[in-house]
>>> print(open('start-v9.txt').read())   # compact mmCIF, C-alpha atoms
# COMPACT_ATOMS: atom_id res chain seq x y z
CA MET A 195 -8.54 -1.19 14.61
CA ASN A 196 -5.08 -0.28 15.69
CA LEU A 197 -3.17 -3.48 16.26
CA ARG A 198 -0.35 -1.86 18.15
CA PRO A 199 -0.66 -2.26 21.89
CA TYR A 200 -1.27 1.07 23.47
CA GLY A 201 1.55 2.42 25.46
CA VAL A 202 4.20 0.07 24.23
CA LEU A 203 7.51 0.85 25.84
CA LEU A 204 10.45 0.12 23.63
CA ALA A 205 13.90 0.31 25.08
CA ALA A 206 16.39 0.25 22.25
CA PHE A 207 19.79 -0.06 23.80
CA GLY A 208 22.95 -0.05 21.77
CA PHE A 209 24.03 1.39 18.54
CA LEU A 210 21.10 2.48 16.47
CA MET A 211 21.16 4.15 13.10
CA THR A 212 18.79 7.09 12.97
CA VAL A 213 17.93 9.73 10.49
CA GLY A 214 18.53 13.33 11.24
CA ALA A 215 19.44 16.48 9.38
CA GLY A 216 20.18 14.46 6.29
CA VAL A 217 23.10 12.69 7.91
CA ALA A 218 23.14 9.21 9.33
CA GLN A 219 23.79 9.38 13.02
CA THR A 220 25.18 6.59 15.12
CA ALA A 221 24.47 7.00 18.77
CA GLN A 222 24.46 4.89 21.88
CA TYR A 223 21.40 5.66 23.88
CA VAL A 224 18.27 4.33 25.42
CA GLN A 225 15.24 5.27 23.38
CA VAL A 226 11.92 5.28 25.13
CA GLN A 227 9.14 5.09 22.65
CA ASN A 228 5.40 4.72 22.78
CA SER A 229 3.02 3.34 20.20
CA ASP A 230 2.71 6.73 18.52
CA GLN A 231 6.24 6.66 17.17
CA VAL A 232 8.19 4.38 14.92
CA ILE A 233 11.83 4.30 13.96
CA LEU A 234 12.79 5.66 10.55
CA THR A 235 16.25 4.36 9.77
CA ARG A 236 18.55 5.79 7.16
CA TRP A 237 18.05 2.65 5.08
CA ALA A 238 14.28 3.03 5.16
CA LEU A 239 14.54 6.69 4.25
CA GLN A 240 16.74 5.85 1.28
CA HIS A 241 14.28 3.13 0.26
CA ILE A 242 11.37 5.58 0.41
CA MET A 243 13.25 8.35 -1.39
CA ALA A 244 14.30 6.02 -4.22
CA ARG A 245 10.72 5.06 -4.94
CA HIS A 246 8.43 7.77 -3.64
CA TRP A 247 10.25 11.09 -3.50
CA PRO A 248 8.86 13.76 -5.85
CA ASP A 249 11.81 13.37 -8.23
CA SER A 250 11.92 9.57 -8.13
CA PRO A 251 11.69 7.99 -11.59
CA ALA A 252 10.14 4.77 -10.21
CA ALA A 253 7.04 3.86 -12.18
CA GLY A 254 3.89 2.47 -10.61
CA ALA A 255 4.57 4.00 -7.22
CA GLY A 256 2.90 6.93 -5.47
CA LYS A 257 4.99 10.06 -4.96
CA PHE A 258 5.18 12.50 -2.08
CA GLN A 259 4.32 16.14 -2.67
CA GLU A 260 6.99 18.58 -3.83
CA GLY A 261 8.55 20.14 -0.78
CA THR A 262 8.33 17.04 1.39
CA THR A 263 11.32 16.90 3.72
CA GLU A 264 12.73 14.23 5.98
CA ALA A 265 11.12 15.98 8.94
CA SER A 266 7.70 16.32 7.31
CA LEU A 267 7.88 12.70 6.14
CA ARG A 268 8.56 11.62 9.71
CA ASP A 269 5.56 13.69 10.86
CA LEU A 270 3.32 12.10 8.25
CA ILE A 271 4.45 8.62 9.22
CA ASN A 272 3.96 9.18 12.94
CA GLU A 273 0.51 10.69 12.37
CA ALA A 274 -0.50 7.73 10.21
CA VAL A 275 0.68 5.23 12.83
CA ARG A 276 -0.93 7.19 15.66
CA SER A 277 -4.29 7.84 14.01
CA GLY A 278 -4.55 5.38 11.18
CA ARG A 279 -6.09 1.98 10.79
CA GLY A 280 -3.73 -0.90 11.43
CA ARG A 281 -3.93 -4.37 9.95
CA GLN A 282 -1.68 -7.36 9.76
CA ASN A 283 0.61 -7.48 6.75
CA THR A 284 -0.59 -9.79 4.02
CA HIS A 285 0.25 -13.31 2.81
CA GLY A 286 3.03 -14.07 5.24
CA ARG A 287 4.81 -10.73 5.08
CA PRO A 288 5.90 -9.80 8.57
CA GLY A 289 4.79 -6.60 10.25
CA THR A 290 1.82 -4.27 10.30
CA LEU A 291 0.28 -1.94 7.73
CA TYR A 292 -1.09 1.45 8.78
CA GLU A 293 -3.27 3.57 6.55
CA TYR A 294 -4.46 7.08 7.22
CA ASP A 295 -6.38 9.63 5.20
CA PHE A 296 -5.02 13.13 5.82
CA ARG A 297 -7.93 14.68 3.90
CA ARG A 298 -5.45 16.93 2.12
CA GLN A 299 -3.10 16.19 -0.69
CA ILE A 300 0.19 14.68 0.44
CA GLY A 301 1.34 13.43 -2.94
CA THR A 302 0.24 11.75 -6.13
CA THR A 303 -1.15 8.31 -6.89
CA ILE A 304 0.37 5.89 -9.40
CA ASP A 305 -1.92 7.45 -12.00
CA GLY A 306 -0.70 10.95 -11.18
CA GLY A 307 -3.87 12.01 -9.40
CA PRO A 308 -3.95 13.64 -5.98
CA ALA A 309 -3.17 11.29 -3.09
CA THR A 310 -4.49 12.05 0.37
CA ARG A 311 -3.73 8.73 2.06
CA LEU A 312 -0.53 7.22 3.40
CA ARG A 313 0.33 3.54 3.87
CA VAL A 314 3.15 2.74 6.27
CA VAL A 315 4.69 -0.70 6.67
CA VAL A 316 6.21 -1.26 10.12
CA ASN A 317 8.19 -4.35 11.01
CA ASN A 318 8.15 -6.25 14.29
CA ARG A 319 11.09 -4.18 15.59
CA ASN A 320 8.98 -1.03 15.30
CA GLU A 321 10.97 0.15 12.28
CA VAL A 322 9.46 1.64 9.16
CA VAL A 323 10.01 -0.61 6.15
CA THR A 324 8.39 1.63 3.57
CA ALA A 325 5.77 4.36 3.28
CA PHE A 326 3.95 5.78 0.29
CA PRO A 327 1.02 8.02 -0.65
CA PHE A 328 -1.97 6.62 -2.45
CA MET B 999 -1.79 -17.95 -19.40
CA HIS B 1000 1.73 -16.63 -19.30
CA LEU B 1001 3.42 -15.96 -15.95
CA ASP B 1002 7.00 -14.78 -16.05
CA TYR B 1003 9.40 -12.15 -14.74
CA ARG B 1004 12.38 -9.99 -15.61
CA LEU B 1005 14.98 -9.73 -12.88
CA THR B 1006 16.87 -6.47 -12.57
CA ASP B 1007 20.68 -6.72 -12.44
CA ASP B 1008 21.98 -6.53 -8.90
CA ARG B 1009 25.67 -6.54 -8.05
CA GLU B 1010 25.43 -4.98 -4.61
CA THR B 1011 23.44 -7.45 -2.53
CA ASP B 1012 25.27 -9.75 -0.14
CA TRP B 1013 23.16 -12.83 -0.71
CA SER B 1014 24.70 -14.70 2.18
CA SER B 1015 23.12 -12.32 4.67
CA VAL B 1016 19.83 -11.19 3.15
CA THR B 1017 16.84 -11.46 5.48
CA GLU B 1018 13.22 -12.24 4.81
CA GLU B 1019 12.44 -8.52 5.09
CA ASP B 1020 15.06 -7.79 2.43
CA LEU B 1021 13.48 -10.36 0.13
CA ARG B 1022 10.00 -9.06 0.84
CA TYR B 1023 10.82 -5.43 0.07
CA ARG B 1024 14.32 -4.66 -1.19
CA VAL B 1025 16.03 -7.48 -3.06
CA ALA B 1026 15.49 -9.46 -6.28
CA LEU B 1027 13.55 -6.64 -7.87
CA GLY B 1028 12.12 -6.65 -11.35
CA ASN B 1029 9.04 -6.79 -13.55
CA LEU B 1030 6.02 -9.06 -13.54
CA ILE B 1031 4.82 -10.52 -16.83
CA PHE B 1032 1.29 -11.86 -16.40
CA ARG B 1033 -1.14 -12.48 -19.21
CA VAL B 1034 -4.41 -14.37 -18.85
CA ASP B 1035 -6.26 -15.01 -22.11
CA ASP B 1036 -6.05 -11.68 -23.92
CA LYS B 1037 -5.78 -9.69 -20.68
CA ASP B 1038 -2.40 -8.27 -19.84
CA PHE B 1039 -1.80 -7.76 -16.11
CA SER B 1040 1.94 -7.24 -16.45
CA ALA B 1041 3.64 -4.65 -14.27
CA ALA B 1042 6.90 -3.27 -15.67
CA TRP B 1043 7.73 -1.13 -12.68
CA GLY B 1044 11.20 -2.46 -12.01
CA TRP B 1045 10.86 -2.42 -8.22
CA ILE B 1046 8.64 -5.47 -7.66
CA PRO B 1047 10.29 -7.86 -5.17
CA LEU B 1048 9.95 -11.06 -7.18
CA ILE B 1049 10.69 -13.55 -4.42
CA ASP B 1050 8.02 -11.92 -2.29
CA LEU B 1051 5.63 -11.97 -5.21
CA VAL B 1052 5.99 -15.66 -5.98
CA ALA B 1053 5.90 -16.59 -2.28
CA SER B 1054 2.70 -14.59 -1.90
CA PHE B 1055 1.17 -16.07 -5.05
CA GLY B 1056 1.97 -19.52 -3.67
CA GLU B 1057 0.25 -18.68 -0.40
CA ILE B 1058 -2.77 -17.37 -2.31
CA VAL B 1059 -3.09 -20.56 -4.35
CA ARG B 1060 -2.80 -22.69 -1.21
CA LYS B 1061 -5.68 -20.72 0.31
CA LEU B 1062 -7.77 -21.01 -2.86
CA GLU B 1063 -7.12 -24.76 -2.92
CA GLY B 1064 -8.62 -24.74 0.56
CA ARG B 1065 -11.78 -22.96 1.62
CA SER B 1066 -10.98 -19.43 0.54
CA THR B 1067 -12.93 -18.05 -2.40
CA SER B 1068 -11.10 -14.75 -2.85
CA GLU B 1069 -7.55 -13.58 -2.19
CA THR B 1070 -5.86 -10.30 -3.05
CA PHE B 1071 -2.17 -9.72 -3.68
CA GLU B 1072 -1.05 -6.24 -2.65
CA PHE B 1073 2.08 -4.77 -4.19
CA THR B 1074 4.67 -3.61 -1.71
CA GLU B 1075 5.14 -0.03 -2.90
CA SER B 1076 1.70 1.01 -4.09
CA ASP B 1077 -1.96 0.35 -3.48
CA ALA B 1078 -2.12 -1.66 -6.70
CA TRP B 1079 -3.50 -5.17 -6.33
CA ILE B 1080 -4.23 -8.41 -8.14
CA ARG B 1081 -7.37 -10.26 -7.11
CA PHE B 1082 -7.95 -14.00 -7.48
CA GLU B 1083 -11.56 -15.15 -7.12
CA LYS B 1084 -12.53 -18.81 -7.20
CA LYS B 1085 -15.75 -19.45 -9.09
CA ASP B 1086 -17.12 -22.69 -10.54
CA GLY B 1087 -13.75 -24.40 -10.35
CA LYS B 1088 -11.93 -21.59 -12.10
CA VAL B 1089 -10.05 -18.54 -10.91
CA LEU B 1090 -11.05 -15.09 -12.09
CA VAL B 1091 -8.11 -12.70 -12.19
CA SER B 1092 -8.50 -8.92 -12.07
CA THR B 1093 -6.24 -6.03 -11.11
CA SER B 1094 -6.49 -2.43 -10.02
CA TYR B 1095 -4.26 -1.30 -12.87
CA GLY B 1096 -5.39 -3.33 -15.88
CA GLU B 1097 -8.71 -3.71 -17.60
CA GLY B 1098 -10.81 -6.82 -17.80
CA VAL B 1099 -11.05 -10.15 -16.03
CA GLY B 1100 -9.04 -13.23 -16.98
CA GLU B 1101 -10.14 -16.76 -16.27
CA ILE B 1102 -7.99 -19.81 -15.59
CA PRO B 1103 -8.45 -23.18 -13.88
CA LEU B 1104 -6.77 -23.37 -10.50
CA SER B 1105 -4.45 -26.24 -11.35
CA PRO B 1106 -2.62 -24.55 -14.27
CA LEU B 1107 -2.28 -21.42 -12.16
CA ALA B 1108 -0.62 -23.45 -9.41
CA GLU B 1109 1.68 -25.08 -11.98
CA ALA B 1110 2.63 -21.71 -13.46
CA ILE B 1111 3.51 -20.36 -10.02
CA LYS B 1112 5.62 -23.44 -9.27
CA SER B 1113 7.46 -23.02 -12.56
CA PHE B 1114 7.99 -19.29 -11.88
CA ARG B 1115 9.43 -20.11 -8.46
CA GLU B 1116 11.80 -22.75 -9.81
CA ARG B 1117 13.04 -20.56 -12.67
CA LEU B 1118 13.54 -17.60 -10.35
CA HIS B 1119 15.44 -19.73 -7.86
CA SER B 1120 17.67 -21.15 -10.60
CA GLU B 1121 18.49 -17.73 -12.03
CA ILE B 1122 19.25 -16.20 -8.65
CA VAL B 1123 21.45 -19.09 -7.53
CA ARG B 1124 23.27 -19.10 -10.87
CA LYS B 1125 23.98 -15.37 -10.62
CA HIS B 1126 24.50 -15.30 -6.85
CA PRO B 1127 25.74 -18.68 -5.56
CA HIS B 1128 25.60 -17.58 -1.92
CA ALA B 1129 21.82 -17.38 -2.22
CA ALA B 1130 21.64 -21.17 -2.35
CA HIS B 1131 22.62 -21.36 1.32
CA ASN B 1132 20.52 -18.48 2.58
CA ALA B 1133 17.75 -19.56 4.96
CA ALA B 1134 15.34 -16.79 3.93
CA VAL B 1135 15.73 -17.69 0.27
CA LYS B 1136 15.09 -21.33 1.09
CA LYS B 1137 12.04 -20.42 3.14
CA LEU B 1138 10.37 -18.17 0.58
CA LEU B 1139 11.27 -20.15 -2.52
CA GLY B 1140 10.38 -23.42 -0.85
CA VAL B 1141 13.59 -25.27 -1.50
CA GLY B 1142 16.11 -26.98 0.72
>>> encode(input="start-v9.txt", output="structure tokens")
Amino acid sequence: MNLRPYGVLLAAFGFLMTVGAGVAQTAQYVQVQNSDQVILTRWALQHIMARHWPDSPAAGAGKFQEGTTEASLRDLINEAVRSGRGRQNTHGRPGTLYEYDFRRQIGTTIDGGPATRLRVVVNNRNEVVTAFPF
Amino acid sequence: MHLDYRLTDDRETDWSSVTEEDLRYRVALGNLIFRVDDKDFSAAWGWIPLIDLVASFGEIVRKLEGRSTSETFEFTESDAWIRFEKKDGKVLVSTSYGEGVGEIPLSPLAEAIKSFRERLHSEIVRKHPHAAHNAAVKKLLGVG
């Protein structure tokens, strides 16, 4: 069950940090967004890269496939949110978890095996908190 | 049972302004040390948000003290989990990443979590005095 209300309209007005072309961009704009898309901030991207990028040394954390880019990561995340199963975050953690099985390898599990699934944590401001293959 | 932690050094965090989301995912990271009987469920991954972990463990114990018979802790950056199952007045502990099942009465588990929370709070406040006044820290560590 997808917990996100269909057709949510988010108007983000003001200065918003976004990720693009590897450079943090600060822009003043109105962003119209539906439930298929979430915001990937520079901070979230750095968080994900530190733990889950192919060259990350973090132990006990799934890794994305070699060749994953910021753009392909964003595509994976949006597909998982659009098509995946949503559930409330656990034990008092705020936000929603989305999980989706791409039925192709997108990375490696914590044991080093092939990972086909993605878990995305989205907070109540529609921003990605973290995302990892498993 | 032995429940403990190792906190990673952190000189960058502004503890006066950290949010609950920071504490749940990005701040006060470290390792979990968790042994039940001869079963070792420790996780030396370095990235485990320890305030989130102990807050979640506390929530799990509260539920087990109530009507719940099974609760699962999910790590924030992997699909690894720790399961707590209440059976005949004891709690069976198992994980996705370690072998075997440990067994402990509920009351000592609750005490160990309380001690973990108090030690973690003391260490953080000693190293980062601004944390003592942070509302999210107070909320998740149950002080103030």
>>> closest_atom_pairs(input="start-v9.txt", of="chain B", to="chain A", cutoff="7 Å", atoms="all atoms listed in the file", output="CSV")
residue,atom,partner,partner_atom,distance
B:Arg1022,CA,A:Arg287,CA,6.9
B:Trp1043,CA,A:Ala253,CA,5.1
B:Ser1054,CA,A:His285,CA,5.5
B:Glu1057,CA,A:His285,CA,6.3
B:Glu1075,CA,A:Ala255,CA,5.9
B:Ser1076,CA,A:Ala255,CA,5.2
B:Asp1077,CA,A:Phe328,CA,6.4
>>> residues_around(input="start-v9.txt", residues="B:Ile1111", least_positions_apart="4", cutoff="12 Å", atoms="all atoms listed in the file", output="count of residues only")
28
>>> atom_distance(input="start-v9.txt", atom1="atom CA of B:Gly1096", atom2="atom CA of A:Phe258")
23.5 Å
>>> residues_near_point(input="start-v9.txt", point="(27.0, -6.9, -7.3)", cutoff="12 Å", atoms="all atoms listed in the file", output="list in words")
Thr1006, Asp1007, Asp1008, Arg1009, Glu1010, Thr1011, Asp1012, Trp1013, Val1025, Ala1026, Lys1125, His1126 and Pro1127 of chain B
>>> atom_distance(input="start-v9.txt", atom1="atom CA of B:Tyr1095", atom2="atom CA of A:Ser277")
28.4 Å
>>> atom_distance(input="start-v9.txt", atom1="atom CA of A:Trp237", atom2="atom CA of B:Asp1020")
11.2 Å
>>> closest_residue(input="start-v9.txt", among="A:Thr290, A:Gly301, A:Arg311, A:Glu321", to="A:Asp249", atoms="all atoms listed in the file")
A:Gly301
>>> residues_around(input="start-v9.txt", residues="stretch 1085-1087 of chain B", least_positions_apart="6", cutoff="10 Å", atoms="all atoms listed in the file", output="short mmCIF file (atom, residue, chain, number, x, y, z; two decimals) with C-alpha atoms, keeping the file's coordinate frame")
data_model
loop_
_atom_site.label_atom_id
_atom_site.label_comp_id
_atom_site.auth_asym_id
_atom_site.auth_seq_id
_atom_site.Cartn_x
_atom_site.Cartn_y
_atom_site.Cartn_z
CA GLU B 1063 -7.12 -24.76 -2.92
CA THR B 1067 -12.93 -18.05 -2.40
CA SER B 1068 -11.10 -14.75 -2.85
CA GLU B 1101 -10.14 -16.76 -16.27
CA ILE B 1102 -7.99 -19.81 -15.59
CA PRO B 1103 -8.45 -23.18 -13.88
CA LEU B 1104 -6.77 -23.37 -10.50
CA SER B 1105 -4.45 -26.24 -11.35
#
>>> residues_near_point(input="start-v9.txt", point="(-5.9, -14.1, -21.1)", cutoff="7 Å", atoms="all atoms listed in the file", output="PyMOL selection string")
chain B and resi 999+1033-1038+1100-1101
>>> write_last_selection(input="start-v9.txt", atoms="C-alpha atoms", output="PDB file, keeping the file's coordinate frame")
ATOM      1  CA  MET B 999      -1.790 -17.950 -19.400  1.00  0.00           C
ATOM      2  CA  ARG B1033      -1.140 -12.480 -19.210  1.00  0.00           C
ATOM      3  CA  VAL B1034      -4.410 -14.370 -18.850  1.00  0.00           C
ATOM      4  CA  ASP B1035      -6.260 -15.010 -22.110  1.00  0.00           C
ATOM      5  CA  ASP B1036      -6.050 -11.680 -23.920  1.00  0.00           C
ATOM      6  CA  LYS B1037      -5.780  -9.690 -20.680  1.00  0.00           C
ATOM      7  CA  ASP B1038      -2.400  -8.270 -19.840  1.00  0.00           C
ATOM      8  CA  GLY B1100      -9.040 -13.230 -16.980  1.00  0.00           C
ATOM      9  CA  GLU B1101     -10.140 -16.760 -16.270  1.00  0.00           C
TER      10      GLU B1101
END
